[in-house]
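Colleague: My file is query.txt. It has compact mmCIF, C-alpha atoms:
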```
# COMPACT_ATOMS: atom_id res chain seq x y z
CA MET A 280 -73.67 47.02 170.00
CA THR A 281 -76.85 48.74 168.93
CA PRO A 282 -78.31 52.16 169.79
CA ARG A 283 -80.42 52.09 172.94
CA ALA A 284 -84.19 52.46 172.84
CA ARG A 285 -85.68 55.91 173.23
CA PRO A 286 -85.64 57.07 176.84
CA GLU A 287 -88.88 57.05 178.74
CA GLY A 288 -90.12 59.83 180.96
CA ARG A 289 -91.73 63.19 180.65
CA THR A 290 -90.27 66.60 179.86
CA HIS A 291 -91.53 69.54 181.91
CA TRP A 292 -91.23 73.15 180.75
CA ARG A 293 -91.18 76.10 183.09
CA ARG A 294 -93.35 79.07 182.21
CA GLY A 295 -90.37 81.35 181.55
CA ALA A 296 -88.82 78.87 179.14
CA LEU A 297 -92.07 78.66 177.19
CA VAL A 298 -92.17 82.43 176.75
CA ALA A 299 -88.59 82.60 175.47
CA LEU A 300 -88.76 79.49 173.32
CA PRO A 301 -90.07 80.96 170.00
CA ALA A 302 -87.26 83.55 169.77
CA LEU A 303 -84.60 81.00 170.67
CA LEU A 304 -85.85 78.47 168.14
CA SER A 305 -85.92 81.11 165.42
CA ALA A 306 -82.41 82.36 166.21
CA GLY A 307 -80.93 78.88 166.46
CA GLY A 308 -82.76 77.32 163.52
CA LEU A 309 -84.31 74.66 165.77
CA ALA A 310 -87.71 73.04 165.21
CA GLY A 311 -89.18 70.88 167.95
CA ALA A 312 -92.30 68.97 169.01
CA MET A 313 -93.28 66.97 172.07
CA THR A 314 -93.88 63.22 172.07
CA SER A 315 -95.33 61.07 174.81
CA GLY A 316 -91.96 59.77 175.94
CA ALA A 317 -89.37 62.47 175.26
CA LEU A 318 -88.67 65.66 173.38
CA ALA A 319 -88.43 64.87 169.66
CA LEU A 320 -86.49 67.27 167.46
CA ASP A 321 -85.68 67.88 163.84
CA LEU A 322 -82.38 69.59 164.62
CA ARG A 323 -80.79 71.84 161.99
CA ILE A 324 -78.36 74.64 162.88
CA GLN A 325 -76.59 76.06 159.85
CA ASP A 326 -74.59 78.95 158.38
CA ARG A 327 -72.94 80.11 161.60
CA PRO A 328 -70.25 78.25 163.59
CA LEU A 329 -71.17 76.82 166.96
CA ARG A 330 -69.18 75.14 169.68
CA LEU A 331 -69.97 71.60 170.76
CA ALA A 332 -69.16 69.52 173.83
CA THR A 333 -70.23 65.96 174.59
CA SER A 334 -69.13 63.18 176.90
CA SER A 335 -69.49 60.53 174.19
CA VAL A 336 -71.04 59.79 170.79
CA TYR A 337 -71.57 56.33 169.31
CA GLY A 338 -72.78 55.91 165.72
CA THR A 339 -73.29 53.08 163.23
CA GLN A 340 -72.52 53.21 159.49
CA TYR A 341 -69.99 55.98 160.12
CA GLY A 342 -68.52 57.94 157.25
CA ALA A 343 -66.54 61.15 156.81
CA ALA A 344 -65.30 63.22 153.87
CA VAL A 345 -63.60 66.57 153.29
CA VAL A 346 -65.99 69.12 151.74
CA ASP A 347 -66.30 72.89 151.26
CA VAL A 348 -69.35 74.61 152.75
CA PRO A 349 -70.72 78.19 152.58
CA HIS A 350 -69.54 80.47 155.36
CA THR A 351 -70.74 83.90 156.51
CA ARG A 352 -67.94 86.02 157.96
CA PRO A 353 -68.47 88.35 160.96
CA ASP A 354 -68.59 91.37 158.60
CA GLY A 355 -71.47 89.80 156.65
CA THR A 356 -69.48 88.79 153.57
CA THR A 357 -69.69 85.19 152.38
CA GLY A 358 -67.21 82.57 151.26
CA THR A 359 -66.43 78.90 151.83
CA VAL A 360 -64.66 76.97 154.56
CA ARG A 361 -63.18 73.46 154.36
CA VAL A 362 -64.57 71.01 156.92
CA LEU A 363 -64.60 67.31 157.71
CA ARG A 364 -68.22 66.27 157.15
CA MET A 365 -69.08 63.32 159.37
CA GLY A 366 -72.25 61.29 159.24
CA PHE A 367 -73.76 58.18 160.76
CA ALA A 368 -77.07 56.38 160.35
CA ASP A 369 -78.09 55.74 163.97
CA GLY A 370 -76.47 56.99 167.11
CA VAL A 371 -76.60 57.54 170.83
CA ILE A 372 -75.10 60.56 172.61
CA ASN A 373 -74.10 60.90 176.25
CA GLY A 374 -75.01 64.52 177.00
CA LEU A 375 -74.68 67.35 174.48
CA CYS A 376 -74.05 71.08 174.76
CA LEU A 377 -74.12 73.54 171.85
CA SER A 378 -73.25 77.23 172.14
CA GLN A 379 -73.62 79.83 169.41
CA GLN A 380 -72.84 83.55 169.43
CA GLN A 381 -75.46 86.07 168.30
CA GLU A 382 -75.17 89.82 167.83
CA ILE A 383 -78.27 91.68 169.06
CA MET A 384 -78.20 95.48 168.65
CA GLY A 385 -74.41 95.49 168.74
CA THR A 386 -74.16 93.36 171.87
CA THR A 387 -72.79 89.81 171.96
CA TYR A 388 -74.98 87.11 173.44
CA THR A 389 -74.63 83.33 173.49
CA LEU A 390 -77.43 80.87 172.79
CA LEU A 391 -76.76 77.84 174.95
CA PHE A 392 -78.48 74.52 174.12
CA THR A 393 -78.05 71.72 176.66
CA LEU A 394 -79.55 68.31 175.89
CA GLY A 395 -79.73 65.11 177.91
CA ASP A 396 -79.32 64.30 181.58
CA ASP A 397 -76.49 64.46 184.09
CA ASP A 398 -75.74 60.72 184.14
CA PRO A 399 -72.35 59.98 182.44
CA ALA A 400 -73.41 56.34 181.91
CA SER A 401 -76.78 56.78 180.24
CA TRP A 402 -76.25 57.63 176.50
CA GLU A 403 -79.77 59.06 176.74
CA ILE A 404 -79.97 60.96 173.43
CA THR A 405 -80.82 59.01 170.27
CA THR A 406 -80.34 60.24 166.70
CA GLN A 407 -80.98 59.23 163.12
CA ASN A 408 -79.09 60.41 160.01
CA THR A 409 -76.71 62.74 161.84
CA VAL A 410 -74.42 65.05 159.83
CA LEU A 411 -71.74 67.29 161.40
CA ASP A 412 -69.46 69.72 159.55
CA VAL A 413 -66.44 69.80 161.86
CA ARG A 414 -63.98 72.69 161.66
CA GLU A 415 -61.81 71.60 164.58
CA ALA A 416 -62.21 69.18 167.48
CA THR A 417 -60.32 67.32 170.19
CA GLY A 418 -61.18 63.97 171.77
CA VAL A 419 -60.69 60.23 171.39
CA LEU A 420 -61.94 58.32 168.33
CA ASP A 421 -62.37 54.55 168.16
CA MET A 422 -63.54 52.86 164.93
CA ASP A 423 -64.34 49.21 164.37
CA GLY A 424 -66.05 46.83 161.95
CA VAL A 425 -64.71 47.17 158.42
CA VAL A 426 -62.60 50.36 158.48
CA ASP A 427 -61.38 51.98 155.25
CA LEU A 428 -59.14 55.05 155.32
CA ASN A 429 -58.41 57.41 152.42
CA VAL A 430 -61.34 56.23 150.32
CA ASP A 431 -62.72 58.65 147.75
CA GLY A 432 -65.25 60.90 149.47
CA THR A 433 -67.86 60.15 146.80
CA ASP A 434 -67.73 56.44 147.75
CA VAL A 435 -68.54 57.02 151.43
CA THR A 436 -72.00 55.81 152.51
CA THR A 437 -73.88 56.40 155.77
CA VAL A 438 -77.60 55.80 155.24
CA ASP A 439 -79.84 53.47 153.21
CA ASP A 440 -82.86 54.28 151.06
CA GLU A 441 -86.34 52.83 151.63
CA ALA A 442 -85.37 49.69 149.70
CA GLY A 443 -82.38 49.10 152.00
CA ASN A 444 -79.75 50.13 149.46
CA PRO A 445 -76.91 52.54 150.36
CA VAL A 446 -77.59 56.14 149.29
CA ASP A 447 -74.96 57.35 146.82
CA ASN A 448 -72.64 60.03 148.22
CA PRO A 449 -74.93 61.13 151.09
CA LEU A 450 -72.28 63.58 152.36
CA GLY A 451 -72.16 65.46 149.04
CA ALA A 452 -68.38 65.13 148.71
CA PRO A 453 -66.58 66.15 145.49
CA GLU A 454 -64.37 63.61 143.76
CA HIS A 455 -60.80 62.92 144.94
CA ARG A 456 -61.39 64.12 148.49
CA PHE A 457 -60.23 62.20 151.57
CA GLY A 458 -62.87 59.88 153.02
CA ILE A 459 -63.31 57.43 155.91
CA GLN A 460 -65.70 54.49 156.14
CA ALA A 461 -66.33 52.36 159.24
CA GLY A 462 -68.95 50.01 160.64
CA TYR A 463 -69.19 52.11 163.77
CA ALA A 464 -67.38 54.95 165.50
CA LYS A 465 -67.23 56.03 169.14
CA PHE A 466 -65.99 59.48 170.17
CA ASP A 467 -65.22 60.30 173.81
CA GLY A 468 -64.58 63.67 175.48
CA ILE A 469 -65.34 65.76 172.39
CA THR A 470 -65.00 69.54 172.34
CA GLY A 471 -64.77 71.55 169.15
CA THR A 472 -66.31 73.88 166.60
CA VAL A 473 -68.77 72.79 163.93
CA GLN A 474 -70.01 74.82 160.99
CA ASP A 475 -73.33 72.98 160.68
CA ILE A 476 -75.22 70.26 162.49
CA GLN A 477 -78.17 68.44 160.95
CA ILE A 478 -80.22 65.61 162.42
CA PRO A 479 -83.28 65.51 160.14
CA GLY A 480 -84.00 61.84 160.83
CA LEU A 481 -85.06 62.49 164.45
CA LEU A 482 -83.38 63.30 167.73
CA THR A 483 -84.94 62.34 171.05
CA THR A 484 -83.80 63.59 174.43
CA PRO A 485 -85.31 63.53 177.92
CA ARG A 486 -84.42 67.19 178.46
CA LEU A 487 -83.59 70.31 176.48
CA ASP A 488 -82.55 73.54 178.19
CA LEU A 489 -82.22 76.74 176.15
CA SER A 490 -80.85 79.98 177.56
CA VAL A 491 -79.45 83.32 176.42
CA ARG A 492 -76.28 84.41 178.22
CA PRO A 493 -74.56 87.79 177.91
CA GLY A 494 -71.10 87.72 176.34
CA ASP A 495 -69.18 84.83 174.83
CA VAL A 496 -70.03 81.70 176.83
CA ALA A 497 -68.53 78.30 176.03
CA CYS A 498 -69.98 74.91 176.92
CA PRO A 499 -68.53 73.38 180.09
CA ALA A 500 -65.98 70.62 179.63
CA PRO A 501 -67.75 67.26 179.27
CA ALA A 502 -67.55 64.66 182.02
CA PRO A 503 -65.79 61.40 181.08
CA PRO A 504 -68.27 58.67 180.03
CA VAL A 505 -68.86 55.66 182.25
CA GLY A 506 -69.04 52.28 180.51
CA THR A 507 -70.22 51.78 176.93
CA PRO A 508 -73.57 52.23 175.17
```
Using the file provided, produce a representation of the structure as structure tokens.
Modeller:
Amino acid sequence: MTPRARPEGRTHWRRGALVALPALLSAGGLAGAMTSGALALDLRIQDRPLRLATSSVYGTQYGAAVVDVPHTRPDGTTGTVRVLRMGFADGVINGLCLSQQQEIMGTTYTLLFTLGDDDPASWEITTQNTVLDVREATGVLDMDGVVDLNVDGTDVTTVDDEAGNPVDNPLGAPEHRFGIQAGYAKFDGITGTVQDIQIPGLLTTPRLDLSVRPGDVACPAPAPPVGTP
């Protein structure tokens, strides 16, 4: 199986969304630009936990390793938190919701990012060089190809350089940490909390909705996927 081609179509923005967009992008750490076929994003949300929900994720050259990452506590102090850093070279995602709390003048709001369409069989979002720092998650994981468990985290590879050679330790894992390596991985019905999400290679989606909701708002439970990518 290979990731599907970028979805075709056109993204339309309402006037109200355009007005609110700069503040939302700044608060969420999101940079975006329009292409002729879909919304293309360099997606980076860091330093503050966010909740994630997706019907399904499929990625090639999958790897994971245990690492420690910087963490800002609610009182503003800093420290580190241990996460499972997962990465894959190319992927397709079947709907994605991200929610992140923000404090504005002492009041709690939630930034809600919803990407993709409402078709549970489309796998309409494409990604390159995805990295997720997972704090906790539930769902179903299926790995195939050559699967190695309990490899040293420094030996895990996910992406290649311009010459086609594997990049050394792309997840930045310290030595003697648990690692996983697989030809591909498919996750279904995922809900959880991630510390960081980075997709610097490119993310394309036919739709991106951003909203600010009062209070603590979680993503809705994902619908079960239909079929395979």
Colleague: Using only C-alpha atoms, pick whichever of A:Asp398, A:Glu454, A:Asp475, A:Asp423 has the shortest atom-to-atom distance to Ile372 of chain A.
Modeller: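 Using only C-alpha atoms, the shortest distance to Ile372 of chain A belongs to A:Asp398.
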Colleague: In Å to one decimal, how far is atom CA of Gly506 of chain A from atom CA of Cys376 of chain A?
Modeller: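 Between atom CA of Cys376 of chain A and atom CA of Gly506 of chain A the gap is 20.3 Å.
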Colleague: For the atom pair atom CA of Leu391 of chain A and atom CA of Ala368 of chain A, what is the interatomic distance in Å to one decimal place?
Modeller: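 We find that atom CA of Leu391 of chain A and atom CA of Ala368 of chain A lie 26.0 Å from each other.
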Colleague: Mind working out the centre and edge lengths of an axis-aligned box for segment 367-373 of chain A, all listed atoms inside, 4 Å added to each side, rounded to one decimal in Å and written as JSON?
Modeller:
```
{"center_x": -75.9, "center_y": 58.3, "center_z": 168.3, "size_x": 12.3, "size_y": 13.2, "size_z": 23.9}
```
Colleague: Nearest to Asp369 of chain A: which of A:Pro499, A:Pro349, A:Gly494, A:Gly480 is it, counting only C-alpha atoms?
Modeller: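 Closest to Asp369 of chain A, using only C-alpha atoms: A:Gly480.
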Colleague: With a distance cut-off of 8 Å and all atoms listed in the file, select the neighbouring residues of Ile478 of chain A, excluding the residue or stretch itself and same-chain residues fewer than 3 positions from it, and output the selection as a PyMOL selection string.
Modeller: chain A and resi 321-323+406-410+481-482
Colleague: Out of A:Gly458, A:Gly395, A:Pro508, A:Pro479, which residue has the shortest atom-to-atom distance to Thr436 of chain A when counting all atoms listed in the file?
Modeller: A:Gly458
Colleague: Looking at all atoms listed in the file, which of A:Gly462, A:Pro493, A:Pro501, A:Pro485 is the one that sits closest to Thr387 of chain A?
Modeller: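 Distance minimum relative to Thr387 of chain A lands on A:Pro493.
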Colleague: What does the structure give for the distance between atom CA of Gln325 of chain A and atom CA of Val430 of chain A, in Å to one decimal?
Modeller: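 Distance reported for this atom pair: 26.8 Å.
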Colleague: Quick one: residues within 10 Å of Arg364 of chain A, all atoms listed in the file counted, chain neighbours fewer than 4 positions away excluded, as an NGL selection string?
Modeller: :A and (342-348 or 410-414 or 432 or 450-452 or 458 or 473-476)
Colleague: Restricting the calculation to all atoms listed in the file, which member of A:Thr389, A:Asn444, A:Thr356, A:Asn373 is positioned closest to Glu403 of chain A?
Modeller: A:Asn373
Colleague: Ranking A:Leu329, A:Val371, A:Ala400, A:Ala416 by minimum distance to Ile469 of chain A and counting all atoms listed in the file, which one comes first?
Modeller: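 Using all atoms listed in the file, Ile469 of chain A sits closest to A:Ala416.
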Colleague: Dig up all the protein and nucleic acid residues within 9 Å of (-69.7, 53.8, 183.3) in the file frame, using only C-alpha atoms, and format them as a PyMOL selection string.
Modeller: chain A and resi 399-401+503-507
Colleague: Need the shell around Arg330 of chain A: protein/DNA/RNA residues with any atom at most 8 Å away, counting only C-alpha atoms. Skip same-chain ones fewer than 2 positions apart. Format as a list in words?
Modeller: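 Non-adjacent residues within range: Pro328, Ala332, Leu377, Ser378, Gln379, Thr470, Gly471, Thr472, Val473, Ala497 and Cys498 of chain A.
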Colleague: Residues within 12 Å of (-76.9, 57.2, 143.6), file coordinates, counting all atoms listed in the file: what are they? Give the list as a list in words.
Modeller: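 Protein and nucleic acid residues near the point are Thr433, Asp434, Val435, Thr436, Val438, Asp439, Asp440, Asn444, Pro445, Val446, Asp447, Asn448, Pro449, Leu450 and Gly451 of chain A.
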Colleague: Where atoms are absent from segment 432-443 of chain A, fill them in so it carries all heavy atoms, then output it as a PDB file, in the frame of the given file.
Modeller:
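Below is the file that was written, selection21.pdb:
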```pdb
ATOM      1  N   GLY A 432     -64.096  60.393 148.743  1.00  0.00           N
ATOM      2  CA  GLY A 432     -65.250  60.900 149.470  1.00  0.00           C
ATOM      3  C   GLY A 432     -66.583  60.566 148.827  1.00  0.00           C
ATOM      4  O   GLY A 432     -67.590  60.386 149.519  1.00  0.00           O
ATOM      5  N   THR A 433     -66.611  60.459 147.495  1.00  0.00           N
ATOM      6  CA  THR A 433     -67.860  60.150 146.800  1.00  0.00           C
ATOM      7  C   THR A 433     -68.311  58.713 147.044  1.00  0.00           C
ATOM      8  O   THR A 433     -69.480  58.379 146.806  1.00  0.00           O
ATOM      9  CB  THR A 433     -67.721  60.386 145.286  1.00  0.00           C
ATOM     10  OG1 THR A 433     -66.658  59.560 144.779  1.00  0.00           O
ATOM     11  CG2 THR A 433     -67.400  61.833 144.986  1.00  0.00           C
ATOM     12  N   ASP A 434     -67.392  57.842 147.512  1.00  0.00           N
ATOM     13  CA  ASP A 434     -67.730  56.440 147.750  1.00  0.00           C
ATOM     14  C   ASP A 434     -68.186  56.179 149.183  1.00  0.00           C
ATOM     15  O   ASP A 434     -68.581  55.058 149.513  1.00  0.00           O
ATOM     16  CB  ASP A 434     -66.523  55.554 147.446  1.00  0.00           C
ATOM     17  CG  ASP A 434     -66.154  55.566 145.966  1.00  0.00           C
ATOM     18  OD1 ASP A 434     -67.069  55.709 145.143  1.00  0.00           O
ATOM     19  OD2 ASP A 434     -64.957  55.437 145.656  1.00  0.00           O
ATOM     20  N   VAL A 435     -68.127  57.185 150.046  1.00  0.00           N
ATOM     21  CA  VAL A 435     -68.540  57.020 151.430  1.00  0.00           C
ATOM     22  C   VAL A 435     -70.067  56.894 151.504  1.00  0.00           C
ATOM     23  O   VAL A 435     -70.792  57.636 150.837  1.00  0.00           O
ATOM     24  CB  VAL A 435     -68.074  58.215 152.286  1.00  0.00           C
ATOM     25  CG1 VAL A 435     -68.673  58.158 153.689  1.00  0.00           C
ATOM     26  CG2 VAL A 435     -66.552  58.235 152.367  1.00  0.00           C
ATOM     27  N   THR A 436     -70.567  55.967 152.305  1.00  0.00           N
ATOM     28  CA  THR A 436     -72.000  55.810 152.510  1.00  0.00           C
ATOM     29  C   THR A 436     -72.304  55.831 154.005  1.00  0.00           C
ATOM     30  O   THR A 436     -71.485  55.402 154.823  1.00  0.00           O
ATOM     31  CB  THR A 436     -72.527  54.499 151.906  1.00  0.00           C
ATOM     32  OG1 THR A 436     -71.870  53.392 152.531  1.00  0.00           O
ATOM     33  CG2 THR A 436     -72.276  54.461 150.404  1.00  0.00           C
ATOM     34  N   THR A 437     -73.481  56.341 154.363  1.00  0.00           N
ATOM     35  CA  THR A 437     -73.880  56.400 155.770  1.00  0.00           C
ATOM     36  C   THR A 437     -75.301  55.928 156.005  1.00  0.00           C
ATOM     37  O   THR A 437     -75.606  55.406 157.073  1.00  0.00           O
ATOM     38  CB  THR A 437     -73.738  57.834 156.325  1.00  0.00           C
ATOM     39  OG1 THR A 437     -74.568  58.716 155.557  1.00  0.00           O
ATOM     40  CG2 THR A 437     -72.299  58.309 156.267  1.00  0.00           C
ATOM     41  N   VAL A 438     -76.193  56.137 155.053  1.00  0.00           N
ATOM     42  CA  VAL A 438     -77.600  55.800 155.240  1.00  0.00           C
ATOM     43  C   VAL A 438     -78.099  54.985 154.051  1.00  0.00           C
ATOM     44  O   VAL A 438     -77.507  55.013 152.963  1.00  0.00           O
ATOM     45  CB  VAL A 438     -78.477  57.057 155.419  1.00  0.00           C
ATOM     46  CG1 VAL A 438     -78.162  57.746 156.739  1.00  0.00           C
ATOM     47  CG2 VAL A 438     -78.276  58.026 154.261  1.00  0.00           C
ATOM     48  N   ASP A 439     -79.216  54.268 154.254  1.00  0.00           N
ATOM     49  CA  ASP A 439     -79.840  53.470 153.210  1.00  0.00           C
ATOM     50  C   ASP A 439     -81.153  54.107 152.765  1.00  0.00           C
ATOM     51  O   ASP A 439     -81.788  54.851 153.527  1.00  0.00           O
ATOM     52  CB  ASP A 439     -80.123  52.047 153.712  1.00  0.00           C
ATOM     53  CG  ASP A 439     -78.865  51.300 154.108  1.00  0.00           C
ATOM     54  OD1 ASP A 439     -77.790  51.626 153.548  1.00  0.00           O
ATOM     55  OD2 ASP A 439     -78.943  50.410 154.965  1.00  0.00           O
ATOM     56  N   ASP A 440     -81.568  53.796 151.535  1.00  0.00           N
ATOM     57  CA  ASP A 440     -82.860  54.280 151.060  1.00  0.00           C
ATOM     58  C   ASP A 440     -83.969  53.357 151.572  1.00  0.00           C
ATOM     59  O   ASP A 440     -83.720  52.408 152.327  1.00  0.00           O
ATOM     60  CB  ASP A 440     -82.875  54.399 149.532  1.00  0.00           C
ATOM     61  CG  ASP A 440     -82.616  53.063 148.827  1.00  0.00           C
ATOM     62  OD1 ASP A 440     -82.823  51.993 149.448  1.00  0.00           O
ATOM     63  OD2 ASP A 440     -82.203  53.090 147.650  1.00  0.00           O
ATOM     64  N   GLU A 441     -85.205  53.607 151.137  1.00  0.00           N
ATOM     65  CA  GLU A 441     -86.340  52.830 151.630  1.00  0.00           C
ATOM     66  C   GLU A 441     -86.254  51.370 151.222  1.00  0.00           C
ATOM     67  O   GLU A 441     -86.831  50.501 151.883  1.00  0.00           O
ATOM     68  CB  GLU A 441     -87.641  53.443 151.114  1.00  0.00           C
ATOM     69  CG  GLU A 441     -87.918  54.840 151.676  1.00  0.00           C
ATOM     70  CD  GLU A 441     -89.219  55.422 151.161  1.00  0.00           C
ATOM     71  OE1 GLU A 441     -89.867  54.760 150.315  1.00  0.00           O
ATOM     72  OE2 GLU A 441     -89.598  56.508 151.622  1.00  0.00           O
ATOM     73  N   ALA A 442     -85.529  51.073 150.155  1.00  0.00           N
ATOM     74  CA  ALA A 442     -85.370  49.690 149.700  1.00  0.00           C
ATOM     75  C   ALA A 442     -84.211  48.979 150.410  1.00  0.00           C
ATOM     76  O   ALA A 442     -83.952  47.805 150.140  1.00  0.00           O
ATOM     77  CB  ALA A 442     -85.161  49.652 148.192  1.00  0.00           C
ATOM     78  N   GLY A 443     -83.500  49.700 151.279  1.00  0.00           N
ATOM     79  CA  GLY A 443     -82.380  49.100 152.000  1.00  0.00           C
ATOM     80  C   GLY A 443     -81.063  49.180 151.278  1.00  0.00           C
ATOM     81  O   GLY A 443     -80.090  48.540 151.703  1.00  0.00           O
TER      82      GLY A 443
END
```
